[in-house]
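S.K.: If it helps, the file is called my_file_33.cif and holds mmCIF, C-alpha atoms:
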data_data
loop_
_atom_site.label_atom_id
_atom_site.label_comp_id
_atom_site.auth_asym_id
_atom_site.auth_seq_id
_atom_site.Cartn_x
_atom_site.Cartn_y
_atom_site.Cartn_z
CA MET G 249 0.00 0.00 0.00
CA GLU G 250 3.07 2.25 -0.10
CA ALA G 251 2.13 3.71 -3.47
CA ALA G 252 -1.28 4.65 -2.11
CA ARG G 253 0.39 6.69 0.59
CA SER G 254 3.28 8.16 -1.35
CA ALA G 255 4.09 11.79 -1.99
CA HIS G 256 1.71 12.29 -4.92
CA VAL G 257 -1.30 12.17 -2.56
CA GLY G 258 0.16 14.89 -0.39
CA GLU G 259 -2.15 17.42 -2.04
CA LEU G 260 -5.14 15.46 -0.77
CA LYS G 261 -3.69 15.27 2.72
CA GLU G 262 -3.39 19.04 2.84
CA ARG G 263 -7.15 19.21 2.25
CA ARG G 264 -7.94 17.38 5.44
CA GLY G 265 -6.64 19.74 8.08
CA GLU G 266 -8.18 17.47 10.70
CA ALA G 267 -5.19 15.99 12.45
CA ASN G 268 -4.45 17.18 15.94
CA SER G 269 -0.72 17.56 16.55
CA ALA G 270 -1.16 16.10 20.04
CA GLY G 271 -3.14 13.10 18.78
CA ARG G 272 -6.39 12.30 17.04
CA ASP G 273 -9.71 13.68 18.18
CA SER G 274 -12.81 11.53 17.57
CA SER G 275 -14.94 14.59 16.84
CA ASN G 276 -12.42 15.67 14.20
CA ASP G 277 -12.53 12.18 12.70
CA THR G 278 -16.33 12.41 12.51
CA LYS G 279 -16.07 15.77 10.72
CA THR G 280 -13.52 14.34 8.31
CA HIS G 281 -15.76 11.40 7.41
CA PHE G 282 -18.73 13.74 6.94
CA ARG G 283 -16.76 16.00 4.61
CA VAL G 284 -15.34 13.10 2.62
CA CYS G 285 -18.77 11.54 2.12
CA ARG G 286 -20.08 14.93 1.01
CA PHE G 287 -17.20 14.85 -1.48
CA ILE G 288 -18.28 11.36 -2.65
CA ILE G 289 -21.89 12.44 -3.13
CA GLU G 290 -21.02 15.67 -4.97
CA THR G 291 -18.47 13.88 -7.13
CA GLY G 292 -21.05 11.20 -7.92
CA VAL G 293 -23.45 13.86 -9.17
CA LYS G 294 -20.78 15.32 -11.47
CA LEU G 295 -20.00 11.83 -12.78
CA ASP G 296 -23.72 11.23 -13.48
CA MET G 297 -23.76 8.27 -11.12
CA ARG G 298 -27.10 6.77 -10.17
CA SER G 299 -28.22 6.99 -6.54
CA VAL G 300 -27.48 3.35 -5.71
CA PRO G 301 -23.83 3.39 -6.92
CA VAL G 302 -23.26 6.59 -4.91
CA ALA G 303 -24.81 4.89 -1.88
CA THR G 304 -22.54 1.89 -2.40
CA ALA G 305 -19.48 4.16 -2.59
CA CYS G 306 -20.39 5.75 0.74
CA ALA G 307 -21.12 2.35 2.28
CA LEU G 308 -17.74 1.04 1.11
CA TYR G 309 -16.03 4.07 2.62
CA HIS G 310 -17.80 3.79 5.99
CA THR G 311 -17.32 0.03 6.21
CA PHE G 312 -13.62 0.38 5.41
CA PHE G 313 -13.06 2.94 8.16
CA GLN G 314 -14.86 0.83 10.73
CA THR G 315 -11.60 -1.09 11.00
CA ALA G 316 -9.10 1.30 9.39
CA SER G 317 -7.53 4.44 10.83
CA LEU G 318 -7.33 7.94 9.43
CA GLU G 319 -3.78 8.06 10.77
CA VAL G 320 -2.82 5.39 8.25
CA PHE G 321 -5.10 5.91 5.24
CA GLU G 322 -5.75 9.05 3.23
CA PRO G 323 -9.56 9.41 3.30
CA TYR G 324 -9.95 11.20 -0.04
CA LEU G 325 -7.93 8.51 -1.80
CA VAL G 326 -10.12 5.84 -0.17
CA ALA G 327 -13.15 7.84 -1.34
CA MET G 328 -11.94 7.96 -4.94
CA SER G 329 -11.25 4.22 -4.90
CA SER G 330 -14.66 3.60 -3.34
CA ILE G 331 -16.30 5.50 -6.20
CA TYR G 332 -14.33 3.46 -8.72
CA LEU G 333 -15.17 0.16 -7.01
CA ALA G 334 -18.84 1.07 -6.53
CA GLY G 335 -19.16 1.65 -10.27
CA LYS G 336 -18.02 -1.92 -10.86
CA VAL G 337 -20.22 -3.41 -8.12
CA GLU G 338 -23.35 -1.64 -9.38
CA GLU G 339 -22.49 -2.08 -13.07
CA GLN G 340 -22.04 1.59 -13.82
CA HIS G 341 -18.43 1.45 -14.87
CA LEU G 342 -16.45 4.67 -14.56
CA ARG G 343 -13.15 5.56 -16.17
CA THR G 344 -10.39 6.36 -13.71
CA ARG G 345 -9.51 9.34 -15.88
CA ASP G 346 -12.98 10.83 -15.37
CA ILE G 347 -12.83 10.22 -11.62
CA ILE G 348 -9.40 11.85 -11.35
CA ASN G 349 -10.37 14.90 -13.41
CA VAL G 350 -13.67 15.47 -11.58
CA CYS G 351 -11.93 15.14 -8.21
CA HIS G 352 -9.14 17.45 -9.37
CA ARG G 353 -11.70 20.11 -10.29
CA TYR G 354 -13.43 19.60 -6.94
CA PHE G 355 -10.25 20.76 -5.20
CA HIS G 356 -9.26 23.23 -7.94
CA PRO G 357 -12.46 24.78 -9.36
CA GLY G 358 -12.08 26.06 -12.89
CA SER G 359 -8.83 24.21 -13.52
CA GLU G 360 -8.04 22.35 -16.71
CA PRO G 361 -8.08 18.53 -16.81
CA LEU G 362 -4.82 16.95 -15.76
CA GLU G 363 -2.29 16.15 -18.44
CA LEU G 364 -1.49 12.49 -18.98
CA ASP G 365 1.84 12.91 -17.23
CA SER G 366 3.58 11.07 -14.42
CA LYS G 367 1.41 12.72 -11.78
CA PHE G 368 -1.74 11.47 -13.48
CA TRP G 369 -0.48 7.90 -13.84
CA GLU G 370 0.74 7.83 -10.25
CA MET G 371 -2.70 8.91 -9.06
CA ARG G 372 -4.36 6.31 -11.25
CA ASP G 373 -2.09 3.59 -9.86
CA SER G 374 -2.86 4.74 -6.32
CA ILE G 375 -6.63 4.50 -6.92
CA VAL G 376 -6.31 0.99 -8.34
CA GLN G 377 -4.00 -0.21 -5.56
CA CYS G 378 -6.24 1.32 -2.89
CA GLU G 379 -9.23 -0.42 -4.50
CA LEU G 380 -7.47 -3.76 -4.05
CA PHE G 381 -6.72 -2.94 -0.44
CA ILE G 382 -10.39 -2.07 0.20
CA LEU G 383 -11.38 -5.42 -1.28
CA ARG G 384 -9.00 -7.27 1.03
CA GLN G 385 -9.97 -5.20 4.06
CA LEU G 386 -13.66 -5.94 3.46
CA ASN G 387 -12.90 -9.59 2.68
CA PHE G 388 -14.40 -9.01 -0.79
CA GLN G 389 -17.84 -8.43 0.78
CA VAL G 390 -18.65 -5.35 -1.28
CA SER G 391 -22.32 -5.85 -2.17
CA PHE G 392 -24.81 -3.95 -0.03
CA GLU G 393 -28.56 -4.10 0.33
CA HIS G 394 -29.71 -0.51 0.32
CA PRO G 395 -32.91 0.93 1.84
CA HIS G 396 -34.16 2.55 -1.37
CA LYS G 397 -36.49 -0.25 -2.44
CA TYR G 398 -37.91 -0.50 1.06
CA LEU G 399 -38.60 3.23 1.24
CA LEU G 400 -40.43 3.08 -2.08
CA HIS G 401 -42.60 0.24 -0.76
CA TYR G 402 -43.29 2.05 2.53
CA LEU G 403 -44.21 5.27 0.73
CA LEU G 404 -46.75 3.45 -1.41
CA SER G 405 -48.22 1.80 1.68
CA VAL G 406 -48.49 5.06 3.63
CA ARG G 407 -49.95 6.89 0.64
CA SER G 408 -52.78 4.37 0.53
CA LEU G 409 -53.54 5.06 4.20
CA LEU G 410 -53.78 8.85 3.81
CA ASN G 411 -56.41 10.87 2.06
CA ARG G 412 -55.29 12.46 -1.20
CA HIS G 413 -55.34 15.99 0.22
CA ALA G 414 -53.07 15.15 3.15
CA TRP G 415 -50.59 13.48 0.82
CA SER G 416 -50.51 16.19 -1.85
CA ARG G 417 -50.17 19.19 0.47
CA THR G 418 -47.02 17.96 2.21
CA PRO G 419 -43.73 16.86 0.58
CA ILE G 420 -43.52 13.63 2.57
CA ALA G 421 -41.95 11.57 -0.19
CA GLU G 422 -39.40 14.23 -1.13
CA THR G 423 -38.39 14.72 2.50
CA ALA G 424 -38.05 10.98 3.16
CA TRP G 425 -35.86 10.53 0.09
CA ALA G 426 -33.72 13.51 1.13
CA LEU G 427 -33.28 12.08 4.62
CA LEU G 428 -32.29 8.72 3.17
CA LYS G 429 -29.74 10.33 0.85
CA ASP G 430 -28.30 12.40 3.69
CA SER G 431 -27.94 9.31 5.88
CA TYR G 432 -24.98 8.28 3.74
CA HIS G 433 -22.94 11.18 5.11
CA GLY G 434 -22.50 9.15 8.30
CA PRO G 435 -22.06 5.52 9.38
CA VAL G 436 -25.77 5.25 10.23
CA CYS G 437 -26.17 3.84 6.71
CA VAL G 438 -24.13 0.74 7.61
CA HIS G 439 -25.08 0.46 11.29
CA HIS G 440 -28.72 -0.51 10.71
CA ARG G 441 -30.73 -2.86 8.57
CA PRO G 442 -31.90 -1.17 5.35
CA GLN G 443 -35.57 -1.79 6.22
CA HIS G 444 -35.14 -0.01 9.53
CA LEU G 445 -33.29 2.95 8.02
CA ALA G 446 -35.98 3.40 5.37
CA LEU G 447 -38.74 3.27 7.96
CA ALA G 448 -37.01 5.75 10.26
CA ALA G 449 -36.55 8.19 7.35
CA LEU G 450 -40.25 7.98 6.54
CA TYR G 451 -41.27 8.23 10.19
CA LEU G 452 -39.14 11.37 10.61
CA ALA G 453 -40.59 12.90 7.43
CA LEU G 454 -44.13 12.33 8.69
CA HIS G 455 -43.25 13.69 12.12
CA THR G 456 -41.63 16.78 10.57
CA TYR G 457 -44.91 17.80 8.94
CA GLY G 458 -47.13 16.59 11.75
CA VAL G 459 -48.91 14.06 9.55
CA GLN G 460 -50.82 11.45 11.52
CA ILE G 461 -51.55 8.02 10.07
CA PRO G 462 -54.93 6.56 11.03
CA GLY G 463 -54.29 3.79 13.54
CA GLY G 464 -55.89 0.52 14.51
CA GLU G 465 -54.83 -2.29 16.78
CA ARG G 466 -51.27 -1.81 15.57
CA GLU G 467 -49.28 1.24 14.53
CA TRP G 468 -48.74 1.73 10.80
CA TRP G 469 -45.01 1.15 11.14
CA GLN G 470 -45.61 -2.19 12.85
CA ILE G 471 -47.65 -3.28 9.84
CA VAL G 472 -45.09 -2.37 7.18
CA CYS G 473 -42.05 -3.53 9.19
CA GLU G 474 -42.79 -6.09 11.86
CA ASP G 475 -39.30 -6.52 13.32
CA ILE G 476 -38.63 -2.95 14.50
CA THR G 477 -39.43 -1.29 17.81
CA ARG G 478 -40.28 2.30 18.63
CA ALA G 479 -36.99 2.58 20.52
CA GLN G 480 -35.06 1.54 17.42
CA ILE G 481 -36.90 4.10 15.31
CA GLN G 482 -36.10 6.82 17.83
CA ALA G 483 -32.44 5.79 17.95
CA ILE G 484 -32.06 5.92 14.16
CA MET G 485 -33.87 9.28 13.97
CA THR G 486 -31.47 10.65 16.58
CA GLU G 487 -28.51 9.56 14.46
CA LEU G 488 -30.06 11.17 11.39
CA LEU G 489 -30.63 14.46 13.18
CA GLN G 490 -27.06 14.42 14.48
CA LEU G 491 -25.88 14.45 10.87
CA TYR G 492 -27.56 17.82 10.38
CA ASP G 493 -25.81 19.13 13.48
CA MET G 494 -22.57 17.90 11.95
CA GLU G 495 -23.36 19.65 8.67
CA ALA G 496 -23.60 22.95 10.52
CA LYS G 497 -20.19 22.32 12.08
CA CYS G 498 -18.61 21.43 8.72
CA THR G 499 -19.73 24.47 6.74
#
Could you write out this file's structure as structure tokens?
M.R.:
Amino acid sequence: MEAARSAHVGELKERRGEANSAGRDSSNDTKTHFRVCRFIIETGVKLDMRSVPVATACALYHTFFQTASLEVFEPYLVAMSSIYLAGKVEEQHLRTRDIINVCHRYFHPGSEPLELDSKFWEMRDSIVQCELFILRQLNFQVSFEHPHKYLLHYLLSVRSLLNRHAWSRTPIAETAWALLKDSYHGPVCVHHRPQHLALAALYLALHTYGVQIPGGEREWWQIVCEDITRAQIQAIMTELLQLYDMEAKCT
């Protein structure tokens, strides 16, 4: 992994600015991961990646750093390799040249694409080598079940329980999808089952607009997802809301 940590990634390391000279600070690490995942999501948009490949890239990044240290691995290089690997996993193949140029412009807005010189080829080799290290670190378990399909199912179920006026006057679906997308800024996306994350996003969206679902013997969320408790929903919502607190700290 020496090439992945050699001098040509020094420019990326300068972007971090998170290391504490007296030692690492967990809150700084959390900010770093938030910023890097924001980088993944914004880069994915510029690369015209679909939502699921972007989600996979974030999940790869978070899963990798569950056992890896920021003191050892350059997070932006891991992010670039995660984007590259996610494209393969989700069958939306991306050229390393496009990834490098988009990331270069992210750090240097308005700059020209990199020339195909030694710096470019060193960066390309670093991305490929880091990709192999991610695969080994994750024991080649790089396929993820995402909550998107569950959220779609839950939205259709809830829509059928509400009257048309209540559904149309509030952006419940848009808010739930936004919450789900934002969940990938933090490790909450890999800490919980996808069904539970989807349900918590929908529950929070409904709560945000004060929309009440007509009840019966069981709550609506018990009907659509039988293996979750109210305490679990509350815990996931708390993690989601903490991400928005982190966003304020990272601006």
S.K.: What's the 9 Å shell around segment 288-294 of chain G, counting all atoms listed in the file, without same-chain residues fewer than 4 positions away, as a list in words?
M.R.: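 Near segment 288-294 of chain G, the qualifying residues are Arg283, Val284, Arg298, Ser299, Pro301, Val302, Ala303, Ala305, Cys306, Tyr324, Ala327, Met328, Ser330, Ile331, Ile347, Val350, Cys351, Tyr354, Tyr432 and His433 of chain G.
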S.K.: For each of G:Leu491, G:Ile476, G:Leu318, G:Leu308, take the minimum atom-to-atom distance to Phe392 of chain G, counting only C-alpha atoms, then give the residue where this is smallest.
M.R.: G:Leu308
S.K.: Ranking G:Thr315, G:Gln490, G:Gln389, G:Thr418 by minimum distance to Thr278 of chain G and counting all atoms listed in the file, which one comes first?
M.R.: G:Gln490
S.K.: Excluding Arg478 of chain G and its own-chain neighbours fewer than 3 positions away, which residues fall within 12 Å of it when counting all atoms listed in the file? Please give them as a list in words.
M.R.: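 Non-adjacent residues within range: His444, Leu447, Ala448, Tyr451, Glu467, Trp468, Trp469, Gln470, Cys473, Glu474, Asp475, Ile481, Gln482, Ala483, Ile484 and Met485 of chain G.
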S.K.: Write out as a PyMOL selection string which residues come within 9 Å of Val300 of chain G when counting all atoms listed in the file, dropping same-chain ones fewer than 4 positions away.
M.R.: chain G and resi 304-305+334+338+394+396
S.K.: Name the residues captured by the PyMOL selection byres ((chain G and resi 446) around 8) when it is applied to the shown file; answer as a PyMOL selection string.
M.R.: chain G and resi 395-396+398-399+402+428+442-445+447-450
S.K.: Between G:Met494, G:Ala479, G:Val459, G:Val326, which is the closest to Arg417 of chain G once you count only C-alpha atoms?
M.R.: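 Result for the nearest residue to Arg417 of chain G: G:Val459.
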S.K.: Which polymer residues, whether protein, DNA or RNA, lie within 12 Å of the coordinate (-49.0, 12.2, 9.8) when you count all atoms listed in the file? List them as a PyMOL selection string, using the chain letters and numbers from the file.
M.R.: chain G and resi 406-407+409-411+414-415+417-420+450-463+467-469
S.K.: Record the distance separating atom CA of Ala426 of chain G and atom CA of Ile471 of chain G, expressed in Å with one decimal.
M.R.: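 Taking atom CA of Ala426 of chain G and atom CA of Ile471 of chain G, their separation equals 23.5 Å.
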S.K.: What is the distance, in Å and to one decimal place, between atom CA of Met371 of chain G and atom CA of Ser391 of chain G?
M.R.: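 Separation between atom CA of Met371 of chain G and atom CA of Ser391 of chain G: 25.5 Å.
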S.K.: Just give me the gap between atom CA of Pro323 of chain G and atom CA of Tyr309 of chain G in Å, one decimal is fine.
M.R.: 8.4 Å
S.K.: Output the residue selection produced by the PyMOL selection byres ((chain G and resi 378) around 8) on the file above, formatted as a PDB file with C-alpha atoms, in the frame of the given file.
M.R.:
ATOM      1  CA  MET G 249       0.000   0.000   0.000  1.00  0.00           C
ATOM      2  CA  ALA G 252      -1.280   4.650  -2.110  1.00  0.00           C
ATOM      3  CA  LEU G 325      -7.930   8.510  -1.800  1.00  0.00           C
ATOM      4  CA  VAL G 326     -10.120   5.840  -0.170  1.00  0.00           C
ATOM      5  CA  SER G 329     -11.250   4.220  -4.900  1.00  0.00           C
ATOM      6  CA  SER G 374      -2.860   4.740  -6.320  1.00  0.00           C
ATOM      7  CA  ILE G 375      -6.630   4.500  -6.920  1.00  0.00           C
ATOM      8  CA  VAL G 376      -6.310   0.990  -8.340  1.00  0.00           C
ATOM      9  CA  GLN G 377      -4.000  -0.210  -5.560  1.00  0.00           C
ATOM     10  CA  GLU G 379      -9.230  -0.420  -4.500  1.00  0.00           C
ATOM     11  CA  LEU G 380      -7.470  -3.760  -4.050  1.00  0.00           C
ATOM     12  CA  PHE G 381      -6.720  -2.940  -0.440  1.00  0.00           C
ATOM     13  CA  ILE G 382     -10.390  -2.070   0.200  1.00  0.00           C
TER      14      ILE G 382
END
S.K.: Measuring between all atoms listed in the file, which one of G:Lys279, G:His401, G:Cys285, G:Val438 shows the shortest distance to Ala496 of chain G?
M.R.: G:Lys279
S.K.: Here's a test: counting all atoms listed in the file, identify every protein, DNA and RNA residue with an atom at most 8 Å from (-22.5, 1.3, 9.3) in the file's coordinate frame, and state them as JSON, numbers by chain.
M.R.: {"G": [307, 310, 311, 314, 434, 435, 436, 437, 438, 439, 440]}
S.K.: Could you check which of G:Gln340, G:Ser274, G:Thr477, G:Thr499 is closest to Ser317 of chain G, using all atoms listed in the file?
M.R.: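 Closest to Ser317 of chain G of all the choices is G:Ser274.
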S.K.: Since fewer atoms than expected are present, regenerate all heavy atoms for segment 429-440 of chain G and write them as an mmCIF file, in the coordinates of the input.
M.R.:
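Writing the result to part.cif gives the following:
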data_model
loop_
_atom_site.group_PDB
_atom_site.id
_atom_site.type_symbol
_atom_site.label_atom_id
_atom_site.label_comp_id
_atom_site.auth_asym_id
_atom_site.auth_seq_id
_atom_site.Cartn_x
_atom_site.Cartn_y
_atom_site.Cartn_z
ATOM 1 N N LYS G 429 -30.983 9.941 1.537
ATOM 2 C CA LYS G 429 -29.740 10.330 0.850
ATOM 3 C C LYS G 429 -28.734 10.905 1.843
ATOM 4 O O LYS G 429 -27.546 10.554 1.819
ATOM 5 C CB LYS G 429 -30.048 11.340 -0.248
ATOM 6 C CG LYS G 429 -28.810 11.843 -0.981
ATOM 7 C CD LYS G 429 -29.171 12.881 -2.025
ATOM 8 C CE LYS G 429 -27.930 13.438 -2.709
ATOM 9 N NZ LYS G 429 -28.273 14.474 -3.727
ATOM 10 N N ASP G 430 -29.201 11.766 2.728
ATOM 11 C CA ASP G 430 -28.300 12.400 3.690
ATOM 12 C C ASP G 430 -27.733 11.408 4.702
ATOM 13 O O ASP G 430 -26.678 11.653 5.291
ATOM 14 C CB ASP G 430 -29.022 13.532 4.419
ATOM 15 C CG ASP G 430 -29.304 14.720 3.515
ATOM 16 O OD1 ASP G 430 -28.686 14.815 2.440
ATOM 17 O OD2 ASP G 430 -30.162 15.552 3.881
ATOM 18 N N SER G 431 -28.420 10.290 4.905
ATOM 19 C CA SER G 431 -27.940 9.310 5.880
ATOM 20 C C SER G 431 -26.583 8.744 5.487
ATOM 21 O O SER G 431 -25.831 8.258 6.347
ATOM 22 C CB SER G 431 -28.954 8.165 6.028
ATOM 23 O OG SER G 431 -28.976 7.327 4.886
ATOM 24 N N TYR G 432 -26.249 8.831 4.204
ATOM 25 C CA TYR G 432 -24.980 8.280 3.740
ATOM 26 C C TYR G 432 -23.785 9.176 4.064
ATOM 27 O O TYR G 432 -22.634 8.786 3.822
ATOM 28 C CB TYR G 432 -25.048 7.968 2.245
ATOM 29 C CG TYR G 432 -25.841 6.713 1.979
ATOM 30 C CD1 TYR G 432 -27.222 6.757 1.800
ATOM 31 C CD2 TYR G 432 -25.220 5.468 1.959
ATOM 32 C CE1 TYR G 432 -27.954 5.599 1.591
ATOM 33 C CE2 TYR G 432 -25.947 4.309 1.750
ATOM 34 C CZ TYR G 432 -27.315 4.383 1.574
ATOM 35 O OH TYR G 432 -28.047 3.225 1.380
ATOM 36 N N HIS G 433 -24.040 10.341 4.634
ATOM 37 C CA HIS G 433 -22.940 11.180 5.110
ATOM 38 C C HIS G 433 -22.297 10.596 6.377
ATOM 39 O O HIS G 433 -21.179 10.972 6.733
ATOM 40 C CB HIS G 433 -23.432 12.591 5.428
ATOM 41 C CG HIS G 433 -23.678 13.435 4.213
ATOM 42 N ND1 HIS G 433 -24.841 13.351 3.478
ATOM 43 C CD2 HIS G 433 -22.916 14.376 3.598
ATOM 44 C CE1 HIS G 433 -24.793 14.221 2.476
ATOM 45 N NE2 HIS G 433 -23.638 14.848 2.524
ATOM 46 N N GLY G 434 -23.005 9.722 7.056
ATOM 47 C CA GLY G 434 -22.500 9.150 8.300
ATOM 48 C C GLY G 434 -22.626 7.642 8.314
ATOM 49 O O GLY G 434 -23.266 7.039 7.449
ATOM 50 N N PRO G 435 -22.042 6.985 9.319
ATOM 51 C CA PRO G 435 -22.060 5.520 9.380
ATOM 52 C C PRO G 435 -23.423 4.925 9.711
ATOM 53 O O PRO G 435 -23.556 3.702 9.752
ATOM 54 C CB PRO G 435 -21.037 5.202 10.472
ATOM 55 C CG PRO G 435 -21.005 6.426 11.334
ATOM 56 C CD PRO G 435 -21.232 7.575 10.405
ATOM 57 N N VAL G 436 -24.420 5.765 9.970
ATOM 58 C CA VAL G 436 -25.770 5.250 10.230
ATOM 59 C C VAL G 436 -26.230 4.361 9.080
ATOM 60 O O VAL G 436 -26.991 3.397 9.288
ATOM 61 C CB VAL G 436 -26.771 6.410 10.454
ATOM 62 C CG1 VAL G 436 -26.878 7.302 9.239
ATOM 63 C CG2 VAL G 436 -28.139 5.883 10.845
ATOM 64 N N CYS G 437 -25.739 4.613 7.877
ATOM 65 C CA CYS G 437 -26.170 3.840 6.710
ATOM 66 C C CYS G 437 -25.673 2.404 6.735
ATOM 67 O O CYS G 437 -26.233 1.539 6.036
ATOM 68 C CB CYS G 437 -25.712 4.532 5.419
ATOM 69 S SG CYS G 437 -23.918 4.614 5.210
ATOM 70 N N VAL G 438 -24.629 2.118 7.519
ATOM 71 C CA VAL G 438 -24.130 0.740 7.610
ATOM 72 C C VAL G 438 -24.323 0.152 9.006
ATOM 73 O O VAL G 438 -23.976 -1.001 9.233
ATOM 74 C CB VAL G 438 -22.642 0.666 7.206
ATOM 75 C CG1 VAL G 438 -22.473 1.007 5.737
ATOM 76 C CG2 VAL G 438 -21.768 1.559 8.078
ATOM 77 N N HIS G 439 -24.865 0.933 9.919
ATOM 78 C CA HIS G 439 -25.080 0.460 11.290
ATOM 79 C C HIS G 439 -26.428 -0.225 11.472
ATOM 80 O O HIS G 439 -26.635 -0.914 12.473
ATOM 81 C CB HIS G 439 -24.978 1.625 12.271
ATOM 82 C CG HIS G 439 -23.571 2.063 12.533
ATOM 83 N ND1 HIS G 439 -23.260 3.198 13.255
ATOM 84 C CD2 HIS G 439 -22.384 1.523 12.157
ATOM 85 C CE1 HIS G 439 -21.951 3.327 13.319
ATOM 86 N NE2 HIS G 439 -21.395 2.333 12.655
ATOM 87 N N HIS G 440 -27.350 -0.013 10.535
ATOM 88 C CA HIS G 440 -28.720 -0.510 10.710
ATOM 89 C C HIS G 440 -29.180 -1.272 9.483
ATOM 90 O O HIS G 440 -28.672 -1.063 8.377
ATOM 91 C CB HIS G 440 -29.669 0.657 10.991
ATOM 92 C CG HIS G 440 -29.296 1.467 12.192
ATOM 93 N ND1 HIS G 440 -29.580 1.073 13.480
ATOM 94 C CD2 HIS G 440 -28.639 2.654 12.295
ATOM 95 C CE1 HIS G 440 -29.124 1.974 14.325
ATOM 96 N NE2 HIS G 440 -28.555 2.941 13.630
#
